[in-house]
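**Student:** What follows is work.txt; its format and atoms are compact mmCIF, C-alpha atoms and all ligand atoms.
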```
# COMPACT_ATOMS: atom_id res chain seq x y z
CA MET V 1 -81.90 -60.24 -31.76
CA SER V 2 -78.14 -59.71 -31.72
CA GLU V 3 -75.98 -62.44 -33.26
CA ALA V 4 -72.44 -63.38 -32.18
CA PHE V 5 -69.91 -65.26 -34.27
CA PRO V 6 -66.52 -65.21 -32.57
CA MET V 7 -63.32 -66.03 -34.46
CA ASN V 8 -62.02 -69.62 -34.44
CA GLY V 9 -60.50 -70.30 -31.02
CA GLY V 10 -57.64 -72.58 -29.96
CA ASP V 11 -54.37 -72.74 -31.87
CA GLY V 12 -55.20 -75.16 -34.71
CA ALA V 13 -54.52 -74.63 -38.43
CA TYR V 14 -57.65 -72.49 -38.90
CA SER V 15 -57.49 -70.64 -35.57
CA TYR V 16 -57.51 -66.85 -35.44
CA THR V 17 -54.31 -67.00 -33.39
CA LYS V 18 -52.53 -68.57 -36.37
CA ASN V 19 -54.37 -66.58 -39.05
CA SER V 20 -54.50 -62.93 -38.11
CA GLN V 21 -51.42 -61.62 -39.85
CA TYR V 22 -53.40 -59.33 -42.19
CA GLN V 23 -55.02 -57.62 -39.21
CA LYS V 24 -51.61 -57.34 -37.55
CA LEU V 25 -50.24 -55.68 -40.66
CA GLY V 26 -53.05 -53.12 -40.46
CA SER V 27 -52.46 -52.47 -36.76
CA ASP V 28 -48.68 -52.23 -37.16
CA SER V 29 -49.11 -49.58 -39.82
CA VAL V 30 -50.79 -47.21 -37.30
CA LYS V 31 -48.60 -47.94 -34.25
CA GLU V 32 -46.77 -44.61 -34.39
CA MET V 33 -49.95 -42.69 -35.19
CA ILE V 34 -51.63 -44.19 -32.12
CA GLN V 35 -48.70 -43.13 -29.93
CA GLN V 36 -48.85 -39.61 -31.29
CA ALA V 37 -52.64 -39.37 -30.91
CA ILE V 38 -52.48 -40.39 -27.25
CA ILE V 39 -49.52 -38.20 -26.36
CA GLU V 40 -51.08 -35.15 -28.01
CA ASN V 41 -54.70 -35.62 -26.99
CA LEU V 42 -55.27 -37.78 -23.95
CA ASP V 43 -56.53 -35.41 -21.35
CA THR V 44 -58.39 -37.37 -18.67
CA LYS V 45 -57.81 -36.55 -15.01
CA ILE V 46 -55.24 -39.26 -14.33
CA SER V 47 -55.06 -40.69 -10.83
CA ASN V 48 -52.60 -43.54 -10.40
CA THR V 49 -54.72 -46.05 -12.28
CA VAL V 50 -55.41 -45.89 -16.00
CA ALA V 51 -58.17 -48.02 -17.52
CA ILE V 52 -57.68 -49.23 -21.09
CA ALA V 53 -60.13 -51.35 -23.06
CA ASP V 54 -59.59 -53.36 -26.24
CA LEU V 55 -62.99 -54.05 -27.77
CA GLY V 56 -63.33 -57.07 -30.05
CA CYS V 57 -59.94 -58.31 -28.82
CA SER V 58 -60.46 -61.90 -30.03
CA VAL V 59 -57.93 -64.48 -28.80
CA GLY V 60 -54.61 -62.74 -29.45
CA PRO V 61 -51.83 -62.29 -30.14
CA ASN V 62 -52.65 -58.98 -31.90
CA THR V 63 -54.45 -57.55 -28.88
CA PHE V 64 -51.29 -57.95 -26.74
CA PHE V 65 -49.19 -55.87 -29.17
CA THR V 66 -51.93 -53.27 -29.27
CA VAL V 67 -52.22 -52.99 -25.50
CA GLU V 68 -48.46 -52.74 -25.08
CA ASN V 69 -48.39 -49.87 -27.58
CA LEU V 70 -51.27 -48.05 -25.83
CA ILE V 71 -49.58 -48.37 -22.43
CA LYS V 72 -46.26 -47.13 -23.77
CA ALA V 73 -48.00 -44.05 -25.17
CA VAL V 74 -49.79 -43.22 -21.89
CA GLN V 75 -46.48 -43.62 -20.01
CA LYS V 76 -44.78 -41.24 -22.45
CA LYS V 77 -47.59 -38.77 -21.88
CA HIS V 78 -46.99 -38.85 -18.10
CA PRO V 79 -43.23 -39.49 -17.67
CA SER V 80 -43.12 -38.30 -14.08
CA LYS V 81 -46.01 -40.43 -12.78
CA THR V 82 -45.92 -44.00 -11.53
CA LEU V 83 -48.99 -45.41 -13.19
CA GLU V 84 -50.83 -48.69 -12.80
CA PHE V 85 -52.76 -50.05 -15.76
CA GLN V 86 -56.02 -51.95 -15.71
CA VAL V 87 -56.54 -53.55 -19.12
CA PHE V 88 -59.94 -54.89 -20.14
CA PHE V 89 -59.93 -57.46 -22.92
CA SER V 90 -63.47 -57.46 -24.24
CA ASP V 91 -65.30 -59.58 -26.79
CA HIS V 92 -68.48 -61.62 -27.20
CA SER V 93 -68.99 -64.12 -24.37
CA GLY V 94 -68.43 -66.97 -26.88
CA ASN V 95 -64.90 -65.72 -27.60
CA ASP V 96 -62.18 -68.19 -26.61
CA PHE V 97 -61.10 -66.28 -23.49
CA ASN V 98 -59.26 -69.41 -22.25
CA THR V 99 -56.78 -69.17 -25.13
CA LEU V 100 -56.49 -65.42 -24.57
CA PHE V 101 -55.78 -65.77 -20.85
CA ALA V 102 -53.39 -68.71 -21.33
CA SER V 103 -51.26 -66.64 -23.72
CA LEU V 104 -51.16 -63.36 -21.76
CA PRO V 105 -47.55 -62.11 -21.90
CA PRO V 106 -45.89 -63.29 -18.64
CA GLU V 107 -43.80 -60.10 -18.42
CA ARG V 108 -46.76 -57.75 -18.72
CA HIS V 109 -46.92 -54.53 -16.73
CA TYR V 110 -50.69 -54.38 -16.35
CA HIS V 111 -53.60 -56.03 -14.59
CA ALA V 112 -55.71 -58.00 -17.04
CA ALA V 113 -59.44 -58.68 -16.96
CA GLY V 114 -61.81 -60.22 -19.48
CA VAL V 115 -65.11 -58.46 -20.16
CA PRO V 116 -67.71 -60.52 -22.03
CA GLY V 117 -70.44 -58.79 -24.00
CA SER V 118 -71.30 -56.91 -27.16
CA PHE V 119 -69.63 -53.57 -27.79
CA HIS V 120 -72.93 -52.39 -29.26
CA GLY V 121 -74.05 -51.95 -25.66
CA ARG V 122 -72.63 -50.82 -22.32
CA LEU V 123 -69.67 -52.80 -20.96
CA PHE V 124 -68.13 -50.47 -18.33
CA PRO V 125 -69.25 -48.01 -15.63
CA CYS V 126 -69.80 -44.37 -16.57
CA SER V 127 -66.68 -42.28 -17.31
CA SER V 128 -64.37 -45.09 -16.19
CA ILE V 129 -62.23 -45.62 -19.32
CA SER V 130 -59.30 -43.44 -20.43
CA VAL V 131 -58.48 -45.18 -23.72
CA ALA V 132 -60.82 -47.46 -25.69
CA HIS V 133 -59.41 -49.19 -28.75
CA SER V 134 -60.91 -51.48 -31.37
CA SER V 135 -59.28 -52.88 -34.48
CA TYR V 136 -60.85 -54.88 -37.29
CA ALA V 137 -64.03 -55.48 -35.30
CA VAL V 138 -66.68 -52.82 -36.00
CA GLN V 139 -67.24 -54.24 -39.49
CA TRP V 140 -69.33 -56.93 -37.73
CA LEU V 141 -73.01 -56.03 -37.73
CA SER V 142 -75.11 -56.94 -34.72
CA LYS V 143 -77.38 -59.00 -36.97
CA GLN V 144 -78.04 -59.92 -40.58
CA PRO V 145 -79.59 -57.00 -42.48
CA GLN V 146 -83.18 -57.91 -43.22
CA GLY V 147 -86.22 -56.86 -45.15
CA ALA V 148 -84.81 -56.76 -48.68
CA PRO V 149 -84.82 -59.86 -50.91
CA ASN V 150 -81.27 -60.81 -51.94
CA GLU V 151 -81.76 -63.85 -54.17
CA GLY V 152 -78.67 -65.87 -55.00
CA ARG V 153 -76.35 -63.54 -53.07
CA ILE V 154 -75.08 -63.37 -49.50
CA HIS V 155 -73.84 -59.77 -49.36
CA CYS V 156 -74.61 -56.27 -50.61
CA SER V 157 -71.90 -56.32 -53.27
CA ASP V 158 -73.64 -56.33 -56.70
CA ALA V 159 -77.01 -56.48 -54.91
CA PRO V 160 -80.16 -54.40 -55.56
CA GLU V 161 -80.27 -50.90 -54.07
CA ALA V 162 -82.72 -52.01 -51.33
CA VAL V 163 -80.20 -54.57 -50.04
CA LEU V 164 -77.43 -52.00 -50.00
CA LYS V 165 -79.69 -49.68 -48.03
CA ALA V 166 -80.53 -52.43 -45.52
CA TYR V 167 -76.79 -52.97 -44.95
CA SER V 168 -75.99 -49.29 -44.71
CA ASP V 169 -78.90 -48.66 -42.28
CA GLN V 170 -77.87 -51.59 -40.07
CA TYR V 171 -74.26 -50.38 -40.07
CA GLU V 172 -75.22 -46.82 -39.10
CA LYS V 173 -77.44 -48.12 -36.31
CA ASP V 174 -74.73 -50.44 -34.97
CA LEU V 175 -71.90 -47.91 -35.16
CA GLY V 176 -74.28 -45.39 -33.55
CA ASP V 177 -74.90 -47.81 -30.65
CA PHE V 178 -71.14 -48.42 -30.33
CA VAL V 179 -70.38 -44.69 -30.17
CA SER V 180 -73.25 -43.99 -27.72
CA ALA V 181 -72.03 -46.67 -25.32
CA ARG V 182 -68.45 -45.33 -25.50
CA GLY V 183 -69.83 -41.83 -24.99
CA GLU V 184 -71.03 -42.95 -21.56
CA GLU V 185 -68.02 -45.06 -20.62
CA VAL V 186 -65.09 -42.91 -21.73
CA ALA V 187 -64.12 -40.16 -19.31
CA SER V 188 -64.02 -36.55 -20.46
CA GLY V 189 -60.71 -36.00 -22.30
CA GLY V 190 -60.46 -39.74 -22.99
CA ILE V 191 -59.69 -41.24 -26.37
CA VAL V 192 -61.36 -43.80 -28.63
CA ILE V 193 -59.18 -45.32 -31.36
CA LEU V 194 -60.77 -47.31 -34.17
CA VAL V 195 -59.04 -49.10 -37.02
CA PHE V 196 -61.11 -50.91 -39.62
CA ALA V 197 -61.42 -51.58 -43.34
CA ALA V 198 -63.32 -48.83 -45.15
CA ALA V 199 -63.43 -47.08 -48.51
CA PRO V 200 -63.49 -43.54 -49.86
CA ASP V 201 -66.89 -42.01 -50.61
CA GLY V 202 -68.24 -42.86 -54.04
CA ILE V 203 -66.53 -46.26 -54.35
CA PRO V 204 -69.14 -48.93 -55.09
CA HIS V 205 -69.06 -52.09 -53.00
CA SER V 206 -68.21 -54.08 -56.11
CA GLU V 207 -64.82 -52.32 -55.96
CA ILE V 208 -64.12 -52.91 -52.27
CA LEU V 209 -61.75 -55.83 -51.72
CA THR V 210 -63.62 -57.48 -48.86
CA SER V 211 -67.02 -57.11 -50.53
CA VAL V 212 -65.67 -58.77 -53.66
CA LEU V 213 -64.34 -61.67 -51.60
CA TYR V 214 -67.67 -62.01 -49.79
CA SER V 215 -69.51 -62.10 -53.10
CA TYR V 216 -67.25 -64.97 -54.22
CA PHE V 217 -68.41 -66.94 -51.19
CA GLY V 218 -71.93 -66.32 -52.52
CA HIS V 219 -70.98 -67.58 -56.01
CA CYS V 220 -69.41 -70.72 -54.49
CA LEU V 221 -72.50 -71.37 -52.37
CA MET V 222 -74.67 -71.06 -55.48
CA GLU V 223 -72.46 -73.61 -57.25
CA LEU V 224 -72.92 -75.91 -54.25
CA ALA V 225 -76.70 -75.35 -54.52
CA ASN V 226 -76.58 -76.37 -58.20
CA GLU V 227 -74.67 -79.49 -57.15
CA GLY V 228 -77.45 -80.28 -54.64
CA VAL V 229 -75.18 -79.80 -51.61
CA VAL V 230 -77.06 -76.86 -50.11
CA GLU V 231 -80.63 -75.55 -50.40
CA LYS V 232 -80.84 -72.40 -52.51
CA LYS V 233 -83.52 -71.03 -50.16
CA LYS V 234 -80.92 -70.95 -47.36
CA ILE V 235 -78.63 -68.81 -49.51
CA ASP V 236 -81.47 -66.45 -50.42
CA GLU V 237 -82.28 -65.97 -46.73
CA PHE V 238 -78.69 -65.49 -45.55
CA ASN V 239 -76.92 -62.12 -45.43
CA LEU V 240 -73.33 -62.06 -44.20
CA PRO V 241 -73.37 -59.59 -41.25
CA LEU V 242 -70.24 -57.73 -42.32
CA TYR V 243 -69.98 -54.27 -43.84
CA ASP V 244 -67.04 -52.07 -44.76
CA PRO V 245 -68.39 -48.51 -44.80
CA ARG V 246 -67.51 -45.47 -46.83
CA GLU V 247 -65.88 -42.61 -44.94
CA GLY V 248 -68.99 -40.41 -45.10
CA GLU V 249 -71.18 -43.03 -43.42
CA VAL V 250 -68.79 -43.11 -40.45
CA ARG V 251 -68.51 -39.33 -40.20
CA ARG V 252 -72.33 -39.00 -40.21
CA VAL V 253 -72.67 -41.33 -37.23
CA ILE V 254 -69.98 -39.57 -35.16
CA GLU V 255 -71.45 -36.14 -35.86
CA ARG V 256 -74.99 -37.29 -35.07
CA ASN V 257 -73.84 -38.65 -31.71
CA GLY V 258 -72.10 -35.42 -30.72
CA CYS V 259 -70.17 -36.71 -27.65
CA PHE V 260 -66.81 -36.79 -29.41
CA SER V 261 -64.64 -34.48 -31.42
CA VAL V 262 -62.81 -36.05 -34.34
CA VAL V 263 -59.08 -35.74 -33.70
CA LYS V 264 -58.09 -37.75 -36.75
CA MET V 265 -59.89 -39.52 -39.55
CA GLU V 266 -57.65 -40.79 -42.27
CA LEU V 267 -57.89 -43.47 -44.92
CA LEU V 268 -54.65 -45.42 -45.15
CA TYR V 269 -53.42 -48.05 -47.55
CA PRO V 270 -51.32 -50.49 -45.51
CA LEU V 271 -51.30 -53.16 -48.18
CA GLU V 272 -51.60 -52.97 -51.94
CA THR V 273 -54.36 -55.26 -53.18
CA ARG V 274 -52.05 -56.86 -55.73
CA GLU V 275 -49.65 -57.85 -52.91
CA ILE V 276 -52.34 -60.04 -51.37
CA GLU V 277 -51.80 -63.76 -51.76
CA VAL V 278 -55.36 -64.95 -52.34
CA GLY V 279 -54.89 -68.50 -50.99
CA SER V 280 -53.59 -67.26 -47.65
CA MET V 281 -56.29 -64.58 -47.55
CA ILE V 282 -58.97 -67.30 -47.92
CA VAL V 283 -57.46 -69.33 -45.05
CA SER V 284 -57.31 -66.15 -43.01
CA LEU V 285 -60.98 -65.49 -43.77
CA ARG V 286 -61.78 -69.03 -42.68
CA ALA V 287 -60.53 -68.22 -39.16
CA ALA V 288 -62.97 -65.31 -39.08
CA LEU V 289 -65.98 -66.54 -41.05
CA GLU V 290 -66.22 -70.26 -40.40
CA GLY V 291 -68.48 -69.66 -37.38
CA VAL V 292 -71.05 -67.56 -39.18
CA PHE V 293 -71.22 -69.92 -42.20
CA MET V 294 -71.36 -72.95 -39.91
CA ALA V 295 -74.37 -71.58 -38.03
CA CYS V 296 -76.37 -71.26 -41.23
CA PHE V 297 -75.11 -74.05 -43.49
CA GLY V 298 -73.50 -76.70 -41.23
CA SER V 299 -69.96 -78.08 -41.12
CA SER V 300 -69.95 -80.31 -44.22
CA VAL V 301 -71.09 -77.42 -46.45
CA VAL V 302 -68.50 -75.11 -44.88
CA GLU V 303 -65.69 -77.55 -45.66
CA LYS V 304 -66.82 -77.74 -49.31
CA LEU V 305 -67.30 -73.98 -49.47
CA PHE V 306 -63.73 -73.15 -48.44
CA ASN V 307 -62.33 -75.90 -50.68
CA LYS V 308 -64.27 -74.46 -53.60
CA MET V 309 -62.99 -70.96 -52.81
CA LEU V 310 -59.43 -72.32 -52.91
CA THR V 311 -60.00 -73.72 -56.42
CA LYS V 312 -60.80 -70.19 -57.56
CA THR V 313 -57.70 -68.38 -56.33
CA ASP V 314 -56.47 -67.50 -59.86
CA GLU V 315 -59.89 -66.21 -60.91
CA ILE V 316 -60.22 -64.17 -57.70
CA ALA V 317 -56.69 -62.78 -58.04
CA LYS V 318 -57.55 -61.61 -61.57
CA ARG V 319 -60.78 -60.00 -60.35
CA LEU V 320 -58.91 -58.22 -57.55
CA GLU V 321 -56.68 -56.51 -60.12
CA SER V 322 -59.57 -54.19 -60.90
CA VAL V 323 -60.67 -53.33 -57.33
CA HIS V 324 -59.77 -50.24 -55.38
CA ASP V 325 -56.65 -50.61 -53.23
CA HIS V 326 -57.52 -52.04 -49.83
CA ALA V 327 -58.04 -49.13 -47.43
CA GLN V 328 -58.40 -48.92 -43.67
CA LEU V 329 -59.80 -46.03 -41.70
CA PHE V 330 -57.81 -44.72 -38.77
CA LEU V 331 -60.13 -42.84 -36.49
CA VAL V 332 -59.27 -41.04 -33.24
CA LEU V 333 -62.09 -39.53 -31.19
CA LYS V 334 -61.79 -37.43 -28.08
CA ARG V 335 -64.56 -37.39 -25.47
CA LYS V 336 -65.77 -33.80 -25.03
C1 LIG B 401 -61.24 -59.90 -36.84
S1 LIG B 401 -61.34 -59.98 -35.11
C2 LIG B 401 -60.23 -58.68 -34.63
C3 LIG B 401 -59.42 -59.06 -33.43
C4 LIG B 401 -58.34 -58.07 -33.03
N1 LIG B 401 -58.91 -56.80 -32.64
C5 LIG B 401 -57.33 -57.88 -34.13
O1 LIG B 401 -57.18 -56.75 -34.64
O2 LIG B 401 -56.68 -58.87 -34.50
C6 LIG B 401 -62.93 -59.24 -34.76
C7 LIG B 401 -63.39 -59.47 -33.34
O3 LIG B 401 -64.50 -58.63 -33.07
C8 LIG B 401 -65.39 -59.37 -32.25
N2 LIG B 401 -66.72 -58.78 -32.34
C9 LIG B 401 -67.53 -58.67 -33.40
N3 LIG B 401 -68.70 -58.09 -33.06
C10 LIG B 401 -68.61 -57.82 -31.74
C11 LIG B 401 -69.48 -57.22 -30.81
N4 LIG B 401 -70.69 -56.79 -31.16
N5 LIG B 401 -69.08 -57.09 -29.53
C12 LIG B 401 -67.85 -57.53 -29.14
N6 LIG B 401 -66.96 -58.11 -29.98
C13 LIG B 401 -67.34 -58.25 -31.27
C14 LIG B 401 -65.34 -60.77 -32.82
O4 LIG B 401 -65.86 -61.71 -31.89
C15 LIG B 401 -63.85 -60.90 -33.08
O5 LIG B 401 -63.18 -61.44 -31.99
```
What would the structure in this file look like if it were written as structure tokens?
**Tutor:**
Amino acid sequence: MSEAFPMNGGDGAYSYTKNSQYQKLGSDSVKEMIQQAIIENLDTKISNTVAIADLGCSVGPNTFFTVENLIKAVQKKHPSKTLEFQVFFSDHSGNDFNTLFASLPPERHYHAAGVPGSFHGRLFPCSSISVAHSSYAVQWLSKQPQGAPNEGRIHCSDAPEAVLKAYSDQYEKDLGDFVSARGEEVASGGIVILVFAAAPDGIPHSEILTSVLYSYFGHCLMELANEGVVEKKKIDEFNLPLYDPREGEVRRVIERNGCFSVVKMELLYPLETREIEVGSMIVSLRAALEGVFMACFGSSVVEKLFNKMLTKTDEIAKRLESVHDHAQLFLVLKRK
């Protein structure tokens, strides 16, 4: 069964709206590259209406900057045409679409629609989309990897080989489903742009920034278990459904699918790991992860978990000195 854990809605202290600056930094770093990719490669038969989709858009504001950039690029590609844009903001049905709609830019030059549903399946009619974009979303697995015991841990970092394989298999299946669905929805000559955290081949998960942070959540939960706050069995049974792949895993999935040619696939380093302020990173992660922890452990444990993480900022900062610099993959696919 697929699981959905949207980001924190609203505009409170732990909302995604107020805590998505790291993702914005990543998206800003590829703004020009996105423009260039669209201008040089978008090749759909354009009538007067262009359909653009942002998949895993969350609540904003990042999605609005993204969409504006995509529209600007398509307009530059067709300077002599008067185009109308239909923009689909898509995310899980539990996403806070009210906040998204309430903050739509009033001066926008597009028609906006919300599309609820998982991007691991079909969301749009066949060949109806010219540009599909997704940033910092495909790291979410459709469900917790299962079948391999992972005692005292909640992620594949530092875990036995069987756990790592369960994660990798689930990731390849999910990314495969994502690419298959886009293969049907994106018109011939259309573009898919993906931006997400990833790592070069050969880097172990214990050296990937996000995996290290996830494993710290596991350590903190274990401390809470020793304090009698949470049952250890719950930790043993829980696997955080997030995975940052290595480049080769992504390439394998795209090639296996066969619907797309790879226009660009580049690992970029928008932020040096040592520039990360760990305290603000933990608050940022709270906006994204509170929901998934809440579903398994309940709200009082979650409060203690994030407080405990915040007491470890110095230790985590020291540990991060030895991890690989945080990388994101910029991937542009063209529908054959
Ligand atoms: C970290 S947010 C990224 C939001 C935005 N794209 C950005 O760059 O700021 C990840 C989003 O992906 C969504 N998401 C995760 N899995 C999804 C799925 N299977 N289908 C649709 N949306 C999904 C989450 O609900 C969340 O809103």
**Student:** Of the candidates V:Asp236, V:Glu247, V:Glu161, V:Asp28, which one gets nearest to ligand LIG 401 (chain B) if we count all atoms listed in the file?
**Tutor:**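 The shortest atom-to-atom distance to ligand LIG 401 (chain B) comes from V:Asp28.
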**Student:** Compute the distance from (-54.2, -46.7, -37.6) to each atom, counting only C-alpha atoms, keep the residues with any atom at most 9 Å away, and return them as number ranges by chain; use the coordinates of the file.
**Tutor:** V: 26-34, 135, 193-196, 266-268, 328-332
**Student:** Within 9 Å of ligand LIG 401 (chain B) (counting all atoms listed in the file), which residues show up? I'd like them as a PyMOL selection string.
**Tutor:** chain V and resi 2-8+16-17+20-24+26-27+54-63+66+90-96+116-121+133-142+174+178+195-196+285+287-288
**Student:** Looking at all atoms listed in the file, which of V:Ser300, V:Thr49, V:Gln144, V:Ser127 is the one that sits closest to V:Asn239?
**Tutor:**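 Of V:Ser300, V:Thr49, V:Gln144, V:Ser127, the one nearest V:Asn239, counting all atoms listed in the file, is V:Gln144.
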**Student:** Would you please work out which residue, of V:Val115, V:Ala166, V:Cys259, V:Val212, is nearest to V:Glu321 when using all atoms listed in the file?
**Tutor:**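 The closest residue to V:Glu321 is V:Val212.
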**Student:** One decimal, Å: what's the distance from atom CA of V:Tyr171 over to atom CA of V:His205, could you say?
**Tutor:**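 Calculated distance between atom CA of V:Tyr171 and atom CA of V:His205 is 14.0 Å.
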